[in-house]
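Listing of final05.cif, mmCIF, C-alpha atoms and all ligand atoms
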```cif
data_final
#
loop_
_atom_site.group_PDB
_atom_site.id
_atom_site.type_symbol
_atom_site.label_atom_id
_atom_site.label_comp_id
_atom_site.auth_asym_id
_atom_site.auth_seq_id
_atom_site.Cartn_x
_atom_site.Cartn_y
_atom_site.Cartn_z
ATOM 1 C CA MET Z 291 -70.565 -63.303 -22.015
ATOM 2 C CA THR Z 292 -70.330 -59.537 -22.199
ATOM 3 C CA VAL Z 293 -73.352 -57.348 -21.725
ATOM 4 C CA ASP Z 294 -75.120 -55.815 -24.698
ATOM 5 C CA ARG Z 295 -74.663 -52.039 -24.641
ATOM 6 C CA GLN Z 296 -78.347 -51.208 -25.052
ATOM 7 C CA ARG Z 297 -79.233 -53.715 -22.355
ATOM 8 C CA ALA Z 298 -76.563 -52.180 -20.115
ATOM 9 C CA ALA Z 299 -78.035 -48.706 -20.565
ATOM 10 C CA ASP Z 300 -81.502 -50.031 -19.731
ATOM 11 C CA ILE Z 301 -80.214 -51.697 -16.569
ATOM 12 C CA ALA Z 302 -78.439 -48.520 -15.472
ATOM 13 C CA ARG Z 303 -81.487 -46.327 -16.106
ATOM 14 C CA GLU Z 304 -83.785 -48.710 -14.237
ATOM 15 C CA LEU Z 305 -81.474 -48.860 -11.223
ATOM 16 C CA ILE Z 306 -81.041 -45.087 -11.178
ATOM 17 C CA ALA Z 307 -84.809 -44.527 -11.423
ATOM 18 C CA GLU Z 308 -85.378 -46.999 -8.596
ATOM 19 C CA HIS Z 309 -82.754 -45.661 -6.194
ATOM 20 C CA LEU Z 310 -82.182 -42.024 -7.170
ATOM 21 C CA GLY Z 311 -85.349 -40.957 -8.960
ATOM 22 C CA ASP Z 312 -85.971 -38.688 -11.923
ATOM 23 C CA GLY Z 313 -83.358 -36.079 -11.093
ATOM 24 C CA TRP Z 314 -80.489 -38.363 -12.136
ATOM 25 C CA SER Z 315 -79.419 -39.495 -15.565
ATOM 26 C CA PHE Z 316 -77.160 -42.114 -17.105
ATOM 27 C CA ALA Z 317 -74.661 -41.929 -19.974
ATOM 28 C CA PHE Z 318 -71.663 -43.785 -21.316
ATOM 29 C CA ASP Z 319 -68.295 -42.047 -21.263
ATOM 30 C CA THR Z 320 -64.923 -42.761 -22.826
ATOM 31 C CA ALA Z 321 -62.762 -43.250 -19.732
ATOM 32 C CA LYS Z 322 -59.973 -45.777 -20.094
ATOM 33 C CA ARG Z 323 -58.634 -45.984 -16.568
ATOM 34 C CA ARG Z 324 -61.803 -46.380 -14.545
ATOM 35 C CA ALA Z 325 -65.148 -48.062 -14.948
ATOM 36 C CA GLY Z 326 -67.711 -45.672 -13.523
ATOM 37 C CA ALA Z 327 -68.125 -42.193 -12.156
ATOM 38 C CA CYS Z 328 -70.698 -40.316 -10.126
ATOM 39 C CA HIS Z 329 -71.008 -36.663 -11.134
ATOM 40 C CA TYR Z 330 -72.555 -35.136 -8.042
ATOM 41 C CA THR Z 331 -73.188 -31.664 -9.354
ATOM 42 C CA LYS Z 332 -74.530 -32.781 -12.727
ATOM 43 C CA HIS Z 333 -76.614 -35.514 -11.117
ATOM 44 C CA SER Z 334 -75.434 -38.095 -13.547
ATOM 45 C CA ILE Z 335 -73.768 -41.471 -13.441
ATOM 46 C CA THR Z 336 -71.522 -42.494 -16.284
ATOM 47 C CA VAL Z 337 -69.834 -45.783 -17.130
ATOM 48 C CA SER Z 338 -66.923 -46.236 -19.500
ATOM 49 C CA ARG Z 339 -67.966 -47.602 -22.829
ATOM 50 C CA TYR Z 340 -64.653 -49.493 -23.042
ATOM 51 C CA PHE Z 341 -65.319 -51.049 -19.687
ATOM 52 C CA THR Z 342 -68.841 -52.009 -20.763
ATOM 53 C CA GLU Z 343 -67.505 -53.727 -23.886
ATOM 54 C CA GLN Z 344 -65.496 -56.074 -21.686
ATOM 55 C CA ALA Z 345 -67.902 -56.475 -18.782
ATOM 56 C CA THR Z 346 -70.475 -59.114 -18.023
ATOM 57 C CA GLN Z 347 -73.970 -57.970 -17.083
ATOM 58 C CA GLU Z 348 -73.156 -58.643 -13.436
ATOM 59 C CA GLU Z 349 -69.925 -56.633 -13.543
ATOM 60 C CA PHE Z 350 -71.675 -53.746 -15.244
ATOM 61 C CA THR Z 351 -74.523 -53.813 -12.699
ATOM 62 C CA GLN Z 352 -72.034 -53.814 -9.849
ATOM 63 C CA VAL Z 353 -70.306 -50.693 -11.173
ATOM 64 C CA VAL Z 354 -73.655 -48.905 -11.449
ATOM 65 C CA LEU Z 355 -74.517 -49.860 -7.859
ATOM 66 C CA HIS Z 356 -71.090 -48.645 -6.730
ATOM 67 C CA GLU Z 357 -71.797 -45.242 -8.290
ATOM 68 C CA ILE Z 358 -75.414 -45.071 -7.050
ATOM 69 C CA ALA Z 359 -74.039 -45.605 -3.546
ATOM 70 C CA HIS Z 360 -71.755 -42.587 -4.103
ATOM 71 C CA ALA Z 361 -74.772 -40.533 -5.187
ATOM 72 C CA LEU Z 362 -76.728 -41.570 -2.078
ATOM 73 C CA ALA Z 363 -73.891 -41.282 0.422
ATOM 74 C CA GLY Z 364 -72.609 -37.957 -0.944
ATOM 75 C CA ALA Z 365 -69.190 -36.795 -2.063
ATOM 76 C CA ASP Z 366 -67.830 -36.353 1.445
ATOM 77 C CA ALA Z 367 -68.361 -40.031 2.281
ATOM 78 C CA GLY Z 368 -65.681 -41.124 -0.198
ATOM 79 C CA HIS Z 369 -65.304 -44.902 0.092
ATOM 80 C CA GLY Z 370 -65.742 -44.697 3.855
ATOM 81 C CA PRO Z 371 -68.125 -46.583 6.149
ATOM 82 C CA GLU Z 372 -71.209 -44.597 5.192
ATOM 83 C CA TRP Z 373 -70.677 -45.319 1.538
ATOM 84 C CA ALA Z 374 -69.878 -48.982 2.251
ATOM 85 C CA VAL Z 375 -73.081 -49.522 4.243
ATOM 86 C CA THR Z 376 -75.139 -47.828 1.519
ATOM 87 C CA ALA Z 377 -73.454 -49.846 -1.212
ATOM 88 C CA ARG Z 378 -74.008 -53.132 0.578
ATOM 89 C CA ALA Z 379 -77.695 -52.348 1.109
ATOM 90 C CA LEU Z 380 -78.034 -51.871 -2.660
ATOM 91 C CA GLY Z 381 -76.571 -55.309 -3.296
ATOM 92 C CA TYR Z 382 -73.051 -54.219 -4.105
ATOM 93 C CA SER Z 383 -70.328 -56.718 -3.328
ATOM 94 C CA GLY Z 384 -66.948 -55.020 -3.529
ATOM 95 C CA ALA Z 385 -65.211 -58.225 -4.393
ATOM 96 C CA ARG Z 386 -67.187 -58.751 -7.551
ATOM 97 C CA THR Z 387 -66.694 -55.266 -8.871
ATOM 98 C CA LEU Z 388 -62.980 -55.453 -8.461
ATOM 99 C CA GLU Z 389 -63.099 -58.411 -10.832
ATOM 100 C CA THR Z 390 -63.011 -56.268 -13.909
ATOM 101 C CA PRO Z 391 -60.790 -56.045 -16.941
ATOM 102 C CA PHE Z 392 -59.358 -52.755 -15.737
ATOM 103 C CA ALA Z 393 -56.209 -51.882 -13.866
ATOM 104 C CA ARG Z 394 -58.060 -52.125 -10.622
ATOM 105 C CA GLU Z 395 -57.920 -55.890 -10.969
ATOM 106 C CA LYS Z 396 -54.921 -55.964 -8.715
ATOM 107 C CA ALA Z 397 -55.223 -52.524 -7.232
ATOM 108 C CA ALA Z 398 -55.002 -52.426 -3.486
ATOM 109 C CA TRP Z 399 -55.759 -48.737 -3.079
ATOM 110 C CA LEU Z 400 -59.080 -47.319 -4.088
ATOM 111 C CA GLY Z 401 -59.248 -43.546 -4.299
ATOM 112 C CA SER Z 402 -62.102 -41.112 -4.563
ATOM 113 C CA CYS Z 403 -62.028 -37.424 -5.447
ATOM 114 C CA PRO Z 404 -64.651 -34.841 -4.417
ATOM 115 C CA GLY Z 405 -65.954 -34.977 -8.004
ATOM 116 C CA GLY Z 406 -66.831 -38.653 -7.667
ATOM 117 C CA HIS Z 407 -64.129 -40.139 -9.874
ATOM 118 C CA ASP Z 408 -62.667 -43.458 -8.847
ATOM 119 C CA HIS Z 409 -58.928 -44.020 -8.926
ATOM 120 C CA TYR Z 410 -56.884 -47.173 -8.513
ATOM 121 C CA ARG Z 411 -53.274 -47.714 -7.506
ATOM 122 C CA TYR Z 412 -51.173 -50.756 -6.767
ATOM 123 C CA ARG Z 413 -49.285 -48.879 -4.072
ATOM 124 C CA ARG Z 414 -50.286 -46.128 -1.762
ATOM 125 C CA PRO Z 415 -49.284 -42.821 -3.369
ATOM 126 C CA THR Z 416 -46.439 -41.241 -1.431
ATOM 127 C CA ARG Z 417 -47.571 -37.662 -2.017
ATOM 128 C CA PRO Z 418 -50.996 -36.021 -2.154
ATOM 129 C CA LEU Z 419 -52.603 -36.433 -5.559
ATOM 130 C CA SER Z 420 -55.397 -34.375 -6.982
ATOM 131 C CA CYS Z 421 -57.840 -35.703 -9.541
ATOM 132 C CA SER Z 422 -56.631 -35.203 -13.109
ATOM 133 C CA LEU Z 423 -60.207 -35.447 -14.370
ATOM 134 C CA CYS Z 424 -61.396 -32.596 -12.139
ATOM 135 C CA SER Z 425 -58.335 -30.427 -12.758
ATOM 136 C CA LYS Z 426 -55.411 -30.811 -15.138
ATOM 137 C CA ARG Z 427 -53.055 -29.209 -12.618
ATOM 138 C CA PHE Z 428 -52.556 -30.133 -9.000
ATOM 139 C CA ASP Z 429 -55.429 -28.590 -7.088
ATOM 140 C CA LYS Z 430 -56.008 -29.049 -3.360
ATOM 141 C CA ARG Z 431 -59.749 -28.802 -3.868
ATOM 142 C CA PHE Z 432 -59.674 -32.095 -5.751
ATOM 143 C CA LEU Z 433 -57.471 -34.191 -3.513
ATOM 144 C CA ILE Z 434 -57.940 -37.943 -3.804
ATOM 145 C CA GLU Z 435 -58.649 -39.831 -0.607
ATOM 146 C CA TRP Z 436 -57.270 -43.364 -0.508
ATOM 147 C CA THR Z 437 -58.792 -46.442 1.081
ATOM 148 C CA PHE Z 438 -57.011 -49.758 1.371
ATOM 149 C CA VAL Z 439 -58.874 -52.691 -0.167
ATOM 150 C CA PRO Z 440 -58.013 -55.848 1.772
ATOM 151 C CA HIS Z 441 -56.548 -58.666 -0.257
ATOM 152 C CA SER Z 442 -59.551 -60.896 0.383
ATOM 153 C CA ALA Z 443 -61.789 -58.382 -1.376
ATOM 154 C CA ARG Z 444 -59.679 -58.428 -4.488
ATOM 155 C CA LYS Z 445 -59.505 -60.782 -7.379
ATOM 156 C CA THR Z 446 -57.694 -63.939 -6.484
ATOM 157 C CA ARG Z 447 -57.496 -65.812 -9.744
HETATM 158 ZN ZN ZN A 1 -66.139 -45.300 -5.907
HETATM 159 ZN ZN ZN A 2 -62.311 -36.046 -10.053
#
```
Show how you would write the structure in this file as structure tokens.
Amino acid sequence: MTVDRQRAADIARELIAEHLGDGWSFAFDTAKRRAGACHYTKHSITVSRYFTEQATQEEFTQVVLHEIAHALAGADAGHGPEWAVTARALGYSGARTLETPFAREKAAWLGSCPGGHDHYRYRRPTRPLSCSLCSKRFDKRFLIEWTFVPHSARKTR
């Protein structure tokens, strides 16, 4: 069963209030290629409304926790160890969040830009990529850093 949108927004706002406090806000966005994003400078977390339409409550919650962990760990942490430890402490289980209706279902490479946007690829990109959401043209300031997601952490069915 998919999560009700109003309920989803309530869940996100409660989790943000609990872990990040008043300075942070939540909103839906219209992304089609990724589920959630952490906007470090704007102090906001957004989740795709298309993703939410297809997500269960658990999947939605997991995406919010993923992004809260980015907010806590900071942009420089990417999807590295510091972020992973933070995310786990919040109750995030990477495996569950990769079980989503999006392209990342089978993605092996999880990327993160300095602006907090998540990116997914089936294969490791062969050349440096910058985030198309942060800048329409290639821009070294917005390079995506890639982390390999082991097969066991991905969707198996
Ligand atoms: Zn991420
Ligand atoms: Zn970006």
Using the chain letters and numbers from the file, give me the residues hit by the PyMOL selection byres (((not hetatm)) within 6 of (chain A and resi 2)), as a compact mmCIF listing (two decimals) with C-alpha atoms, in the coordinates of the input.
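Okay, this is what ended up in selection-v2.txt:
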```txt
# COMPACT_ATOMS: atom_id res chain seq x y z
CA CYS Z 403 -62.03 -37.42 -5.45
CA GLY Z 405 -65.95 -34.98 -8.00
CA GLY Z 406 -66.83 -38.65 -7.67
CA HIS Z 407 -64.13 -40.14 -9.87
CA CYS Z 421 -57.84 -35.70 -9.54
CA LEU Z 423 -60.21 -35.45 -14.37
CA CYS Z 424 -61.40 -32.60 -12.14
```
* Using only C-alpha atoms and all ligand atoms, what are the residues with an atom within 7 Å of ligand ZN 1 (chain A), set out as a ChimeraX atom specification? -> /Z:356-357,360,369,402,406-408
* Ground truth for the PyMOL selection byres (((chain Z and resi 313) around 12) and not hetatm), written as a PyMOL selection string -> chain Z and resi 303+306-312+314-316+330-335+361
* Structure fact -> Of Z:Pro371, Z:Gly401, Z:Gly381, Z:Gly364, the one nearest to Pro418 in chain Z when counting only C-alpha atoms is Z:Gly401
* Got a sec to resolve the PyMOL selection byres (((chain Z and resi 373) around 9) and not hetatm) on this structure and send the residues as a ChimeraX atom specification? -> /Z:356,359-360,362-364,367-372,374-378
* Near Tyr340 in chain Z, counting all atoms listed in the file, which residues have an atom at most 10 Å away, once you skip same-chain residues fewer than 3 positions from it, shown as a ChimeraX atom specification? -> /Z:318-325,337,343-345,391-392
* Taking (-71.0, -60.7, -24.7) in the file's own coordinates, collect the residues within 10 Å, counting only C-alpha atoms, and hand them back as a ChimeraX atom specification. => /Z:291-295,342-347
* **For CA of Leu433 in chain Z and CA of Ser338 in chain Z, the interatomic separation in Å (one decimal)** => 22.1 Å
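From CA of Asp366 in chain Z back to CA of Lys430 in chain Z, the distance works out to 14.7 Å.
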* Calculate how many Å separate CA of Arg414 in chain Z from CA of Thr336 in chain Z, rounding to one decimal. =>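 Computing it gives 26.0 Å between the two atoms.
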Extending 3 Å beyond the listed atoms of range 314-323 of chain Z on each side, what axis-aligned box results? I want centre and edge lengths in Å to one decimal, as lines of an AutoDock Vina configuration file.
```
center_x = -69.6
center_y = -42.2
center_z = -17.5
size_x = 27.9
size_y = 13.6
size_z = 16.7
```
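Restricting the calculation to only C-alpha atoms, the smallest distance between Pro415 in chain Z and any of Z:Ile434, Z:Ala317, Z:Ile301, Z:Leu355 is found for Z:Ile434.
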* To do: May I ask which of the residues Z:Glu304, Z:His409, Z:Val353, Z:Pro404 is the closest one to His329 in chain Z, counting only C-alpha atoms?
  =>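 So, comparing all the options, the nearest one is Z:Pro404.
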